[in-house]
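Colleague: My structure file structure-v7.csv, CSV, C-alpha atoms and all ligand atoms, is below:
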```csv
chain,number,residue,atom,x,y,z
M,1048,MET,CA,30.2,91.8,31.9
M,1049,ILE,CA,33.5,91.3,30.1
M,1050,LYS,CA,36.2,91.0,32.7
M,1051,PRO,CA,39.8,92.3,32.1
M,1052,ALA,CA,42.6,89.7,32.5
M,1053,GLU,CA,43.6,88.7,36.0
M,1054,ARG,CA,47.1,89.9,35.4
M,1055,LEU,CA,45.7,93.4,35.8
M,1056,ASP,CA,44.8,92.6,39.3
M,1057,LEU,CA,48.5,92.3,40.0
M,1058,ILE,CA,49.1,96.0,39.2
M,1059,GLU,CA,47.5,99.4,39.6
M,1060,GLU,CA,47.2,102.2,37.0
M,1061,TYR,CA,50.5,104.0,36.9
M,1062,TYR,CA,50.7,106.5,39.8
M,1063,PHE,CA,51.4,109.5,37.6
M,1064,SER,CA,48.5,108.6,35.3
M,1065,LYS,CA,46.1,108.6,38.2
M,1066,ARG,CA,47.6,111.7,39.8
M,1067,ALA,CA,47.3,113.6,36.5
M,1068,LYS,CA,43.5,113.3,36.8
M,1069,GLU,CA,43.5,114.7,40.3
M,1070,ILE,CA,45.9,117.5,39.3
M,1071,ALA,CA,43.5,118.3,36.3
M,1072,LYS,CA,40.6,118.7,38.8
M,1073,VAL,CA,42.6,121.1,40.9
M,1074,ARG,CA,43.5,123.1,37.8
M,1075,GLU,CA,39.9,123.2,36.6
M,1076,SER,CA,38.9,124.6,40.0
M,1077,GLY,CA,41.0,127.7,39.0
M,1078,LYS,CA,44.2,127.0,41.0
M,1079,LYS,CA,47.6,127.4,39.2
M,1080,ILE,CA,49.5,124.2,39.3
M,1081,LEU,CA,53.3,124.2,40.0
M,1082,ASN,CA,54.2,120.7,39.2
M,1083,PHE,CA,57.4,119.3,40.7
M,1084,SER,CA,56.1,115.8,40.4
M,1085,ILE,CA,57.2,114.1,37.1
M,1086,GLY,CA,60.7,113.9,35.7
M,1087,ASN,CA,59.7,115.4,32.4
M,1088,PRO,CA,62.5,117.6,31.0
M,1089,ASP,CA,60.8,120.9,30.1
M,1090,LEU,CA,63.9,122.2,28.2
M,1091,PRO,CA,64.2,121.4,24.5
M,1092,PRO,CA,66.9,119.3,22.8
M,1093,ALA,CA,69.7,121.1,21.0
M,1094,SER,CA,68.1,123.0,18.1
M,1095,SER,CA,70.4,121.3,15.6
M,1096,VAL,CA,68.9,118.0,16.7
M,1097,ILE,CA,65.4,119.2,15.9
M,1098,ASP,CA,66.7,120.4,12.5
M,1099,ALA,CA,68.1,116.8,11.9
M,1100,LEU,CA,64.7,115.4,12.7
M,1101,TYR,CA,62.9,117.9,10.5
M,1102,LYS,CA,65.3,117.3,7.6
M,1103,SER,CA,64.8,113.6,7.8
M,1104,ALA,CA,61.0,113.9,8.1
M,1105,ARG,CA,61.0,115.9,4.8
M,1106,ASN,CA,62.5,112.9,3.0
M,1107,PRO,CA,59.6,111.0,1.4
M,1108,ASN,CA,61.6,107.8,1.8
M,1109,ASN,CA,61.7,108.0,5.5
M,1110,HIS,CA,58.1,107.2,6.4
M,1111,GLY,CA,57.9,103.5,6.0
M,1112,TYR,CA,58.5,100.7,8.5
M,1113,GLN,CA,62.0,100.6,9.9
M,1114,PRO,CA,64.3,97.7,10.9
M,1115,TYR,CA,63.1,95.9,14.0
M,1116,ALA,CA,66.5,96.3,15.6
M,1117,GLY,CA,67.1,99.9,14.6
M,1118,THR,CA,69.1,101.2,11.6
M,1119,PRO,CA,72.8,100.2,11.4
M,1120,GLU,CA,73.7,103.9,11.6
M,1121,LEU,CA,71.8,104.4,14.9
M,1122,LYS,CA,73.5,101.4,16.4
M,1123,GLU,CA,76.9,102.8,15.3
M,1124,ALA,CA,76.0,106.2,16.8
M,1125,PHE,CA,75.1,104.5,20.1
M,1126,ALA,CA,78.3,102.5,20.1
M,1127,GLU,CA,80.4,105.7,19.4
M,1128,TRP,CA,78.6,107.4,22.2
M,1129,TYR,CA,79.2,104.6,24.7
M,1130,GLY,CA,82.9,104.7,23.6
M,1131,LYS,CA,83.3,108.4,24.2
M,1132,THR,CA,81.1,108.8,27.2
M,1133,PHE,CA,81.7,105.6,29.2
M,1134,GLY,CA,84.9,104.2,27.6
M,1135,VAL,CA,83.0,101.0,26.7
M,1136,GLU,CA,83.6,99.4,23.4
M,1137,LEU,CA,80.5,97.8,21.9
M,1138,ASN,CA,79.9,96.0,18.6
M,1139,PRO,CA,77.2,98.1,17.0
M,1140,ALA,CA,75.9,95.2,14.9
M,1141,THR,CA,75.5,92.7,17.7
M,1142,GLU,CA,75.7,94.4,21.1
M,1143,ILE,CA,73.2,97.3,20.9
M,1144,LEU,CA,69.4,97.2,20.6
M,1145,PRO,CA,67.6,100.5,20.1
M,1146,LEU,CA,64.3,100.8,22.1
M,1147,ILE,CA,61.2,103.1,22.0
M,1148,GLY,CA,62.4,104.6,25.3
M,1149,SER,CA,64.1,102.5,27.9
M,1150,LYS,CA,60.8,102.0,29.8
M,1151,GLU,CA,59.5,99.5,27.2
M,1152,GLY,CA,62.9,97.7,27.3
M,1153,LEU,CA,62.4,97.0,31.0
M,1154,TYR,CA,59.2,95.2,30.1
M,1155,HIS,CA,60.7,93.4,27.2
M,1156,ILE,CA,63.6,92.0,29.1
M,1157,SER,CA,61.3,90.8,31.9
M,1158,MET,CA,59.1,89.0,29.3
M,1159,ALA,CA,62.1,87.6,27.6
M,1160,TYR,CA,63.8,86.1,30.7
M,1161,LEU,CA,61.2,85.4,33.4
M,1162,ASN,CA,59.1,82.3,33.6
M,1163,PRO,CA,56.0,82.2,35.8
M,1164,GLY,CA,57.3,81.7,39.3
M,1165,ASP,CA,60.8,83.2,38.7
M,1166,THR,CA,62.0,86.1,40.9
M,1167,ALA,CA,63.8,89.3,40.3
M,1168,LEU,CA,65.8,91.3,42.9
M,1169,VAL,CA,64.4,94.8,42.9
M,1170,PRO,CA,65.6,97.9,44.8
M,1171,ASN,CA,63.5,99.5,47.5
M,1172,PRO,CA,63.2,102.4,46.8
M,1173,GLY,CA,63.3,102.2,43.1
M,1174,TYR,CA,61.6,103.0,39.8
M,1175,ALA,CA,58.3,101.2,40.0
M,1176,VAL,CA,58.6,99.6,36.6
M,1177,TYR,CA,61.1,97.0,37.6
M,1178,ALA,CA,58.6,95.4,40.0
M,1179,VAL,CA,55.6,95.9,37.7
M,1180,ALA,CA,57.4,94.4,34.7
M,1181,THR,CA,58.4,91.4,36.8
M,1182,LYS,CA,54.8,90.8,37.9
M,1183,LEU,CA,53.4,91.2,34.4
M,1184,ALA,CA,55.9,88.6,33.2
M,1185,GLY,CA,54.5,86.2,35.8
M,1186,GLY,CA,57.4,86.6,38.2
M,1187,THR,CA,57.7,87.9,41.7
M,1188,PRO,CA,59.8,90.9,42.8
M,1189,ILE,CA,62.0,90.3,45.8
M,1190,TYR,CA,62.9,93.7,47.3
M,1191,TYR,CA,66.3,94.5,48.6
M,1192,ASP,CA,66.8,97.5,50.7
M,1193,LEU,CA,68.6,100.7,49.8
M,1194,ASP,CA,69.2,102.8,52.9
M,1195,GLU,CA,70.3,106.3,53.4
M,1196,SER,CA,73.0,105.1,55.9
M,1197,ASP,CA,74.6,103.1,53.0
M,1198,ASN,CA,74.4,106.0,50.6
M,1199,TRP,CA,71.5,104.2,49.0
M,1200,LEU,CA,73.8,101.4,47.8
M,1201,PRO,CA,72.7,97.8,48.2
M,1202,ALA,CA,73.9,96.1,51.4
M,1203,LEU,CA,74.8,92.9,49.5
M,1204,GLU,CA,75.6,91.0,52.7
M,1205,LYS,CA,72.0,91.6,53.9
M,1206,ILE,CA,70.4,90.1,50.8
M,1207,ASP,CA,69.2,86.6,51.7
M,1208,GLU,CA,71.5,84.0,50.1
M,1209,GLU,CA,68.7,81.7,49.1
M,1210,ALA,CA,66.8,84.6,47.5
M,1211,ALA,CA,69.9,85.6,45.6
M,1212,ARG,CA,70.5,82.0,44.5
M,1213,ASN,CA,66.9,81.6,43.3
M,1214,ALA,CA,66.6,84.9,41.5
M,1215,LYS,CA,67.1,85.3,37.8
M,1216,ILE,CA,67.4,89.0,37.4
M,1217,MET,CA,68.9,91.8,39.6
M,1218,TRP,CA,67.8,95.3,38.9
M,1219,ILE,CA,70.1,98.2,39.7
M,1220,ASN,CA,69.9,101.9,38.8
M,1221,TYR,CA,73.0,104.0,39.2
M,1222,PRO,CA,73.1,107.0,39.2
M,1223,ASN,CA,70.0,106.3,41.2
M,1224,MET,CA,66.4,107.5,40.9
M,1225,PRO,CA,64.8,108.6,43.1
M,1226,THR,CA,67.6,109.2,45.6
M,1227,GLY,CA,70.2,110.7,43.2
M,1228,ALA,CA,72.9,108.5,44.8
M,1229,VAL,CA,75.9,107.5,42.7
M,1230,ALA,CA,77.8,104.2,42.7
M,1231,THR,CA,81.6,104.4,42.3
M,1232,LYS,CA,83.5,101.9,40.2
M,1233,SER,CA,84.3,99.8,43.3
M,1234,ASP,CA,80.7,99.9,44.5
M,1235,LEU,CA,79.5,98.7,41.1
M,1236,GLN,CA,82.3,96.1,40.9
M,1237,LYS,CA,81.0,94.5,44.2
M,1238,ILE,CA,77.5,94.3,42.6
M,1239,VAL,CA,78.9,92.7,39.5
M,1240,ASP,CA,80.8,90.2,41.6
M,1241,PHE,CA,77.7,89.4,43.5
M,1242,ALA,CA,75.7,88.9,40.3
M,1243,ARG,CA,78.3,86.6,39.0
M,1244,LYS,CA,78.4,84.6,42.2
M,1245,TYR,CA,74.7,84.0,42.1
M,1246,ASP,CA,74.4,83.7,38.4
M,1247,LEU,CA,72.1,86.6,38.0
M,1248,LEU,CA,71.3,88.6,34.9
M,1249,LEU,CA,72.3,92.1,36.1
M,1250,CYS,CA,70.3,94.9,34.6
M,1251,ASN,CA,71.6,98.4,35.1
M,1252,ASP,CA,69.2,101.2,34.2
M,1253,ASN,CA,71.4,104.2,33.5
M,1254,PRO,CA,69.5,107.2,32.1
M,1255,TYR,CA,70.9,109.9,34.5
M,1256,SER,CA,74.7,109.8,34.1
M,1257,LEU,CA,74.8,113.1,32.2
M,1258,VAL,CA,72.4,115.0,34.4
M,1259,LEU,CA,74.2,116.9,37.1
M,1260,PRO,CA,77.0,114.3,37.1
M,1261,GLN,CA,78.8,113.8,40.4
M,1262,GLN,CA,81.5,111.7,38.8
M,1263,GLU,CA,82.8,110.6,35.4
M,1264,PRO,CA,79.9,108.8,33.6
M,1265,LEU,CA,80.1,105.2,34.5
M,1266,SER,CA,78.7,102.2,32.8
M,1267,VAL,CA,78.3,98.8,34.5
M,1268,LEU,CA,79.7,97.3,31.3
M,1269,SER,CA,83.1,98.8,31.9
M,1270,LEU,CA,83.7,96.6,35.0
M,1271,ASP,CA,85.6,93.4,35.2
M,1272,GLY,CA,83.6,90.4,34.2
M,1273,ALA,CA,80.4,92.5,33.8
M,1274,LYS,CA,79.8,91.8,30.1
M,1275,GLU,CA,79.3,88.1,30.9
M,1276,ILE,CA,76.3,88.7,33.0
M,1277,ALA,CA,75.2,92.4,32.7
M,1278,VAL,CA,73.1,94.5,30.3
M,1279,GLU,CA,72.6,98.2,30.5
M,1280,PHE,CA,69.7,100.4,29.6
M,1281,ASN,CA,70.2,103.9,28.5
M,1282,SER,CA,68.0,106.7,27.1
M,1283,LEU,CA,68.1,110.1,25.4
M,1284,SER,CA,65.1,111.2,27.4
M,1285,LYS,CA,67.0,112.8,30.3
M,1286,SER,CA,70.5,113.1,28.9
M,1287,HIS,CA,69.4,115.0,25.8
M,1288,ASN,CA,66.0,116.4,26.8
M,1289,MET,CA,64.3,114.0,24.3
M,1290,ALA,CA,61.8,112.3,26.6
M,1291,GLY,CA,58.8,112.7,24.2
M,1292,TRP,CA,60.8,111.3,21.3
M,1293,ARG,CA,60.8,107.9,22.9
M,1294,ILE,CA,64.3,106.6,22.1
M,1295,GLY,CA,66.7,104.6,24.2
M,1296,MET,CA,68.7,101.4,24.0
M,1297,VAL,CA,69.9,98.3,25.7
M,1298,ALA,CA,73.5,97.2,25.4
M,1299,GLY,CA,75.2,93.9,26.2
M,1300,ARG,CA,76.7,90.9,24.7
M,1301,ASN,CA,74.7,89.4,21.9
M,1302,GLU,CA,73.6,86.2,23.6
M,1303,LEU,CA,72.0,88.4,26.4
M,1304,ILE,CA,70.2,90.9,24.2
M,1305,ALA,CA,69.1,88.6,21.4
M,1306,PRO,CA,66.1,87.2,23.4
M,1307,ILE,CA,64.9,90.8,23.9
M,1308,LEU,CA,64.7,91.3,20.1
M,1309,LYS,CA,63.0,88.0,19.7
M,1310,PHE,CA,60.2,89.2,22.1
M,1311,MET,CA,60.1,92.8,21.0
M,1312,SER,CA,60.0,92.2,17.3
M,1313,ASN,CA,56.7,90.6,17.8
M,1314,ILE,CA,55.3,93.7,19.4
M,1315,ASN,CA,56.6,96.8,17.7
M,1316,THR,CA,58.0,97.5,14.2
M,1317,GLY,CA,61.0,99.8,14.4
M,1318,ILE,CA,61.4,103.4,15.3
M,1319,PHE,CA,60.3,106.3,13.1
M,1320,LYS,CA,63.3,107.0,10.9
M,1321,PRO,CA,63.4,110.8,11.6
M,1322,ILE,CA,63.5,110.0,15.3
M,1323,GLN,CA,66.4,107.7,14.7
M,1324,ASP,CA,68.2,110.3,12.5
M,1325,GLY,CA,67.7,113.0,15.1
M,1326,ALA,CA,69.1,110.7,17.8
M,1327,ILE,CA,72.1,109.9,15.6
M,1328,TYR,CA,72.7,113.6,15.2
M,1329,ALA,CA,72.4,114.1,19.0
M,1330,LEU,CA,74.6,111.2,19.9
M,1331,ARG,CA,77.3,112.4,17.6
M,1332,ASN,CA,77.1,116.2,17.9
M,1333,VAL,CA,75.7,117.3,21.2
M,1334,ASP,CA,78.8,118.3,23.0
M,1335,GLU,CA,80.0,118.9,26.6
M,1336,LYS,CA,79.2,122.6,26.4
M,1337,TRP,CA,75.5,121.8,25.7
M,1338,HIS,CA,75.4,119.4,28.6
M,1339,GLU,CA,77.1,122.0,30.9
M,1340,GLU,CA,74.7,124.7,29.9
M,1341,ARG,CA,71.7,122.5,30.5
M,1342,ASN,CA,73.1,121.3,33.8
M,1343,SER,CA,73.8,124.8,35.0
M,1344,ILE,CA,70.0,125.5,34.6
M,1345,TYR,CA,69.2,122.5,36.6
M,1346,ALA,CA,71.8,123.5,39.3
M,1347,LYS,CA,70.2,126.9,39.6
M,1348,ARG,CA,66.8,125.3,40.0
M,1349,LYS,CA,68.1,122.9,42.6
M,1350,GLU,CA,69.4,125.9,44.6
M,1351,MET,CA,65.9,127.4,44.5
M,1352,ILE,CA,64.2,124.2,45.5
M,1353,PHE,CA,66.5,124.1,48.5
M,1354,GLU,CA,64.8,127.3,49.7
M,1355,ILE,CA,61.5,125.4,49.7
M,1356,ILE,CA,63.1,122.4,51.4
M,1357,GLU,CA,64.5,124.6,54.2
M,1358,MET,CA,61.3,126.5,54.7
M,1359,LEU,CA,59.3,123.2,55.0
M,1360,GLY,CA,61.8,121.8,57.4
M,1361,LEU,CA,62.8,119.0,55.0
M,1362,THR,CA,66.4,117.7,54.7
M,1363,ALA,CA,68.2,116.7,51.5
M,1364,ASN,CA,71.6,116.1,50.0
M,1365,LYS,CA,72.6,118.7,47.5
M,1366,LYS,CA,75.3,116.6,45.9
M,1367,THR,CA,73.1,114.3,44.0
M,1368,ASN,CA,73.0,113.1,40.4
M,1369,GLY,CA,70.0,113.3,38.1
M,1370,MET,CA,67.0,115.5,37.8
M,1371,PHE,CA,65.4,115.2,41.2
M,1372,VAL,CA,65.8,116.3,44.8
M,1373,TRP,CA,65.0,113.5,47.3
M,1374,ALA,CA,64.0,115.2,50.6
M,1375,LYS,CA,63.3,113.7,54.0
M,1376,VAL,CA,60.2,114.7,55.8
M,1377,PRO,CA,60.7,115.7,59.4
M,1378,GLU,CA,59.2,113.5,62.2
M,1379,LYS,CA,56.7,116.2,63.2
M,1380,ILE,CA,54.9,115.6,59.9
M,1381,LYS,CA,53.2,112.4,60.7
M,1382,ASP,CA,51.4,111.6,57.4
M,1383,VAL,CA,53.5,112.3,54.3
M,1384,ASP,CA,50.5,111.7,51.9
M,1385,GLU,CA,48.5,114.3,53.8
M,1386,PHE,CA,51.4,116.7,53.6
M,1387,VAL,CA,51.7,116.1,49.8
M,1388,ASP,CA,47.9,116.5,49.3
M,1389,LYS,CA,47.8,119.7,51.4
M,1390,LEU,CA,50.5,121.1,49.1
M,1391,LEU,CA,48.4,120.1,46.0
M,1392,TYR,CA,44.9,121.0,47.1
M,1393,GLU,CA,45.7,124.2,49.1
M,1394,PHE,CA,48.6,125.6,47.1
M,1395,GLY,CA,48.7,123.8,43.7
M,1396,ILE,CA,52.3,122.6,44.5
M,1397,VAL,CA,52.7,119.0,43.3
M,1398,LEU,CA,55.4,116.7,44.8
M,1399,THR,CA,55.8,113.0,44.5
M,1400,PRO,CA,55.5,111.0,47.7
M,1401,GLY,CA,58.5,108.7,48.2
M,1402,ARG,CA,56.3,105.8,49.1
M,1403,ILE,CA,55.5,105.2,45.4
M,1404,PHE,CA,59.1,104.0,45.0
M,1405,GLY,CA,58.8,101.5,47.9
M,1406,SER,CA,58.5,101.4,51.6
M,1407,ASN,CA,62.0,102.8,52.2
M,1408,GLY,CA,60.7,106.0,50.5
M,1409,ASN,CA,57.9,106.4,53.0
M,1410,ARG,CA,59.4,109.3,54.8
M,1411,PHE,CA,60.6,111.1,51.7
M,1412,VAL,CA,59.2,113.3,48.9
M,1413,ARG,CA,60.7,113.9,45.5
M,1414,PHE,CA,61.0,117.2,43.6
M,1415,SER,CA,61.7,117.3,39.9
M,1416,LEU,CA,64.1,119.8,38.4
M,1417,GLY,CA,61.9,120.0,35.3
M,1418,VAL,CA,60.3,123.2,36.5
M,1419,LYS,CA,61.1,126.7,35.2
M,1420,GLU,CA,62.7,129.2,37.6
M,1421,GLU,CA,59.7,131.6,37.5
M,1422,GLU,CA,57.5,128.7,38.7
M,1423,ILE,CA,59.9,127.7,41.4
M,1424,ALA,CA,60.1,131.3,42.5
M,1425,GLU,CA,56.2,131.3,42.7
M,1426,ALA,CA,56.3,128.1,44.8
M,1427,VAL,CA,59.0,129.7,47.1
M,1428,GLU,CA,56.8,132.7,47.5
M,1429,ILE,CA,53.7,130.7,48.3
M,1430,ILE,CA,55.5,128.6,50.9
M,1431,ARG,CA,57.0,131.8,52.4
M,1432,ARG,CA,53.6,133.4,52.7
M,1433,ASN,CA,52.1,130.3,54.3
M,1434,ARG,CA,55.1,129.2,56.4
M,1435,ASP,CA,53.0,129.2,59.6
M,1436,LYS,CA,50.8,126.5,58.1
M,1437,PHE,CA,53.8,124.1,58.0
M,1438,ALA,CA,55.3,125.0,61.3
R,1501,LIG,C1,65.1,105.2,36.5
R,1501,LIG,C2,64.4,105.4,35.2
R,1501,LIG,N1,64.5,104.5,34.3
R,1501,LIG,C3,63.9,104.5,33.1
R,1501,LIG,C4,63.0,105.6,32.8
R,1501,LIG,C5,62.3,105.6,31.5
R,1501,LIG,O1,62.9,106.4,30.6
R,1501,LIG,P1,62.5,106.4,29.1
R,1501,LIG,O2,62.0,107.8,28.8
R,1501,LIG,O3,63.8,106.1,28.4
R,1501,LIG,O4,61.5,105.3,28.9
R,1501,LIG,C6,62.9,106.6,33.8
R,1501,LIG,C7,62.0,107.7,33.5
R,1501,LIG,O5,61.5,108.5,34.3
R,1501,LIG,C8,63.6,106.5,35.0
R,1501,LIG,O6,63.4,107.4,36.0
```
Please express the file's structure as structure tokens.
Ligand SMILES: Cc1ncc(COP(=O)(O)O)c(C=O)c1O
Modeller:
Amino acid sequence: MIKPAERLDLIEEYYFSKRAKEIAKVRESGKKILNFSIGNPDLPPASSVIDALYKSARNPNNHGYQPYAGTPELKEAFAEWYGKTFGVELNPATEILPLIGSKEGLYHISMAYLNPGDTALVPNPGYAVYAVATKLAGGTPIYYDLDESDNWLPALEKIDEEAARNAKIMWINYPNMPTGAVATKSDLQKIVDFARKYDLLLCNDNPYSLVLPQQEPLSVLSLDGAKEIAVEFNSLSKSHNMAGWRIGMVAGRNELIAPILKFMSNINTGIFKPIQDGAIYALRNVDEKWHEERNSIYAKRKEMIFEIIEMLGLTANKKTNGMFVWAKVPEKIKDVDEFVDKLLYEFGIVLTPGRIFGSNGNRFVRFSLGVKEEEIAEAVEIIRRNRDKFA
């Protein structure tokens, strides 16, 4: 028997990959699936962006390998976008590294910075990849709590001093997923000061700034002293409905991002040129009006999801950023997994249990806004008809 590597024992198959198989079985049994589970934008990018991709794909010269660190024009477009969106000036040649989606970058930076035995401070709840990437790089995640009572911001004074001193990386993600919480400038400044005090590489994962924004888009790189110690990941997946294109970036001063390229250039070989050209077009031309129209669709969906939330006796904050609703399950529902399974197996309604984001998510479920109004209406109707089963 040929055994897979021991590092695989440190992790599990990605939750959504496993869940997709269970969902497929329910679908095969004839039940219609209403999937509120995954944060996959169902709306298309601006049609002019698709035209730009198409036009570039028709060019016979655009099908070869591309530069490891992205085309100069893509880096310029990212830099312009950071300037106009976040007021952050970046040198396109040295301070931006395009990625095949930000998810891969979270792995690359972990591999580039963590030695076996190193630790990374990881939010609980948080995007599962921060911890998994840390483990695959031979490191250990040290979880810090995010709590509803602190508006899901890190209580920095509660982070163990020795853990902070020993850690190499600190992961943050504002606007936050899964909670939808935002960090103000002063909240982020406190985190930057903390990272400087303990000599941490601060990694902000920032893909949700333009999705139902609750404040002016904010980059960690705009804060005092941040550029010395911080990098920021961003992505067109959620901001521009381009999740399947796989395009994102990491920004920061050259000394901090160069090791990521050193690692990454040994793994992949550039990004398909038409995707880069479509992204350039999107970064330069998709305007506020497009974002507002897209966000008004999400806002309408959110309102409808709140009907489900109320009928199920859940509680949630409406004023959240990003493409999810993070809802608390009432005490009378003892087992959240059982509740989520009942919704799937009896009614075809798929939610994500908050536990997959860490123990502080145990009493929560997450709804995605990537579901069409007609389908949300169907879910509302199903829950209305079966209300007594949840009483
Ligand atoms: C917090 C967070 N970071 C990163 C990602 C990955 O985004 P990308 O599509 O750019 O890889 C996601 C995707 O769901 C996310 O929720």
Colleague: Have a look at M:Ile1429, M:Ile1355, M:Val1258, M:Ala1277 and name the one nearest to Ala1242 (chain M); count all atoms listed in the file.
Modeller: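 Nearest candidate to Ala1242 (chain M) out of M:Ile1429, M:Ile1355, M:Val1258, M:Ala1277: M:Ala1277.
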Colleague: Which residue out of M:Gly1317, M:Gly1134, M:Gly1401, M:Gly1291 has the minimum interatomic distance to ligand LIG 1501 (chain R) when all atoms listed in the file are used?
Modeller: M:Gly1291
Colleague: Could you tell me which of M:Ile1318, M:Glu1420, M:Gly1152, M:Asn1138 comes closest to Lys1347 (chain M) if we count all atoms listed in the file?
Modeller: M:Glu1420
Colleague: Show me, as number ranges by chain, the residues that have an atom within 12 Å of region 1433-1437 of chain M when counting only C-alpha atoms, minus same-chain residues fewer than 4 positions from it.
Modeller: M: 1354-1361, 1376-1377, 1379-1380, 1385-1387, 1389-1390, 1393-1394, 1426-1429
Colleague: Generate a file of the selected residues that holds C-alpha atoms, formatted as a short mmCIF file (atom, residue, chain, number, x, y, z; two decimals), in the coordinates of the input.
Modeller:
```cif
data_model
loop_
_atom_site.label_atom_id
_atom_site.label_comp_id
_atom_site.auth_asym_id
_atom_site.auth_seq_id
_atom_site.Cartn_x
_atom_site.Cartn_y
_atom_site.Cartn_z
CA GLU M 1354 64.80 127.30 49.70
CA ILE M 1355 61.50 125.40 49.70
CA ILE M 1356 63.10 122.40 51.40
CA GLU M 1357 64.50 124.60 54.20
CA MET M 1358 61.30 126.50 54.70
CA LEU M 1359 59.30 123.20 55.00
CA GLY M 1360 61.80 121.80 57.40
CA LEU M 1361 62.80 119.00 55.00
CA VAL M 1376 60.20 114.70 55.80
CA PRO M 1377 60.70 115.70 59.40
CA LYS M 1379 56.70 116.20 63.20
CA ILE M 1380 54.90 115.60 59.90
CA GLU M 1385 48.50 114.30 53.80
CA PHE M 1386 51.40 116.70 53.60
CA VAL M 1387 51.70 116.10 49.80
CA LYS M 1389 47.80 119.70 51.40
CA LEU M 1390 50.50 121.10 49.10
CA GLU M 1393 45.70 124.20 49.10
CA PHE M 1394 48.60 125.60 47.10
CA ALA M 1426 56.30 128.10 44.80
CA VAL M 1427 59.00 129.70 47.10
CA GLU M 1428 56.80 132.70 47.50
CA ILE M 1429 53.70 130.70 48.30
#
```
Colleague: For Tyr1190 (chain M), which of M:Ile1322, M:Leu1308, M:Val1073, M:Ala1214 is the closest residue, counting all atoms listed in the file?
Modeller: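 Looking at the shortest contact to Tyr1190 (chain M), the residue is M:Ala1214.
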Colleague: Could you give me, as an MDAnalysis selection string, the residues within 12 Å of Ser1157 (chain M), counting all atoms listed in the file and dropping anything in the same chain fewer than 5 positions from it?
Modeller: chainID M and resid 1150:1152 1162:1163 1165:1168 1176:1188 1215:1218 1248:1250 1304 1306:1307 1310:1311
Colleague: Counting only C-alpha atoms and all ligand atoms, what are the residues, protein, DNA or RNA alike, that approach ligand LIG 1501 (chain R) to within 10 Å? I want them as a compact mmCIF listing (two decimals) with C-alpha atoms, in the coordinates of the input.
Modeller:
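Output contents, as saved in part33.txt:
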```
# COMPACT_ATOMS: atom_id res chain seq x y z
CA ILE M 1085 57.20 114.10 37.10
CA GLY M 1086 60.70 113.90 35.70
CA ASN M 1087 59.70 115.40 32.40
CA PRO M 1088 62.50 117.60 31.00
CA LEU M 1146 64.30 100.80 22.10
CA ILE M 1147 61.20 103.10 22.00
CA GLY M 1148 62.40 104.60 25.30
CA SER M 1149 64.10 102.50 27.90
CA LYS M 1150 60.80 102.00 29.80
CA GLU M 1151 59.50 99.50 27.20
CA GLY M 1152 62.90 97.70 27.30
CA LEU M 1153 62.40 97.00 31.00
CA GLY M 1173 63.30 102.20 43.10
CA TYR M 1174 61.60 103.00 39.80
CA ALA M 1175 58.30 101.20 40.00
CA VAL M 1176 58.60 99.60 36.60
CA TYR M 1177 61.10 97.00 37.60
CA ILE M 1219 70.10 98.20 39.70
CA ASN M 1220 69.90 101.90 38.80
CA TYR M 1221 73.00 104.00 39.20
CA PRO M 1222 73.10 107.00 39.20
CA ASN M 1223 70.00 106.30 41.20
CA MET M 1224 66.40 107.50 40.90
CA PRO M 1225 64.80 108.60 43.10
CA ASN M 1251 71.60 98.40 35.10
CA ASP M 1252 69.20 101.20 34.20
CA ASN M 1253 71.40 104.20 33.50
CA PRO M 1254 69.50 107.20 32.10
CA TYR M 1255 70.90 109.90 34.50
CA PHE M 1280 69.70 100.40 29.60
CA ASN M 1281 70.20 103.90 28.50
CA SER M 1282 68.00 106.70 27.10
CA LEU M 1283 68.10 110.10 25.40
CA SER M 1284 65.10 111.20 27.40
CA LYS M 1285 67.00 112.80 30.30
CA SER M 1286 70.50 113.10 28.90
CA ASN M 1288 66.00 116.40 26.80
CA MET M 1289 64.30 114.00 24.30
CA ALA M 1290 61.80 112.30 26.60
CA GLY M 1291 58.80 112.70 24.20
CA TRP M 1292 60.80 111.30 21.30
CA ARG M 1293 60.80 107.90 22.90
CA ILE M 1294 64.30 106.60 22.10
CA GLY M 1295 66.70 104.60 24.20
CA MET M 1296 68.70 101.40 24.00
CA GLY M 1369 70.00 113.30 38.10
CA MET M 1370 67.00 115.50 37.80
CA PHE M 1371 65.40 115.20 41.20
```
Colleague: One decimal, in Å: what's the spacing between CA of Ala1326 (chain M) and CA of Ala1346 (chain M)?
Modeller: 25.2 Å
Colleague: Would you mind listing what lies within 8 Å of Asn1364 (chain M) as JSON, numbers by chain, with all atoms listed in the file counted and same-chain residues fewer than 6 positions away left out?
Modeller: {"M": [1372, 1373, 1374]}
Colleague: Can you work out which one of M:Ser1084, M:Asp1192, M:Ile1058, M:Tyr1160 has the shortest atom-to-atom distance to Gly1408 (chain M), counting all atoms listed in the file?
Modeller: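 For Gly1408 (chain M), the nearest of the given residues is M:Asp1192.
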Colleague: Take CA of Leu1090 (chain M) and CA of Trp1199 (chain M) and report the distance between them in Å, one decimal.
Modeller: 28.5 Å
Colleague: Using all atoms listed in the file, pick whichever of M:Arg1341, M:Ala1099, M:Ile1403, M:Asp1089 has the shortest atom-to-atom distance to Tyr1061 (chain M).
Modeller: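 Checking each candidate against Tyr1061 (chain M), we get M:Ile1403 as the closest.
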Colleague: Report as a VMD selection string all protein, DNA and RNA residues lying within 10 Å of Val1096 (chain M), evaluated on only C-alpha atoms, omitting residues in the same chain fewer than 6 positions from it.
Modeller: chain M and resid 1102 1287 1289 1322 1324 to 1330 1332 to 1333
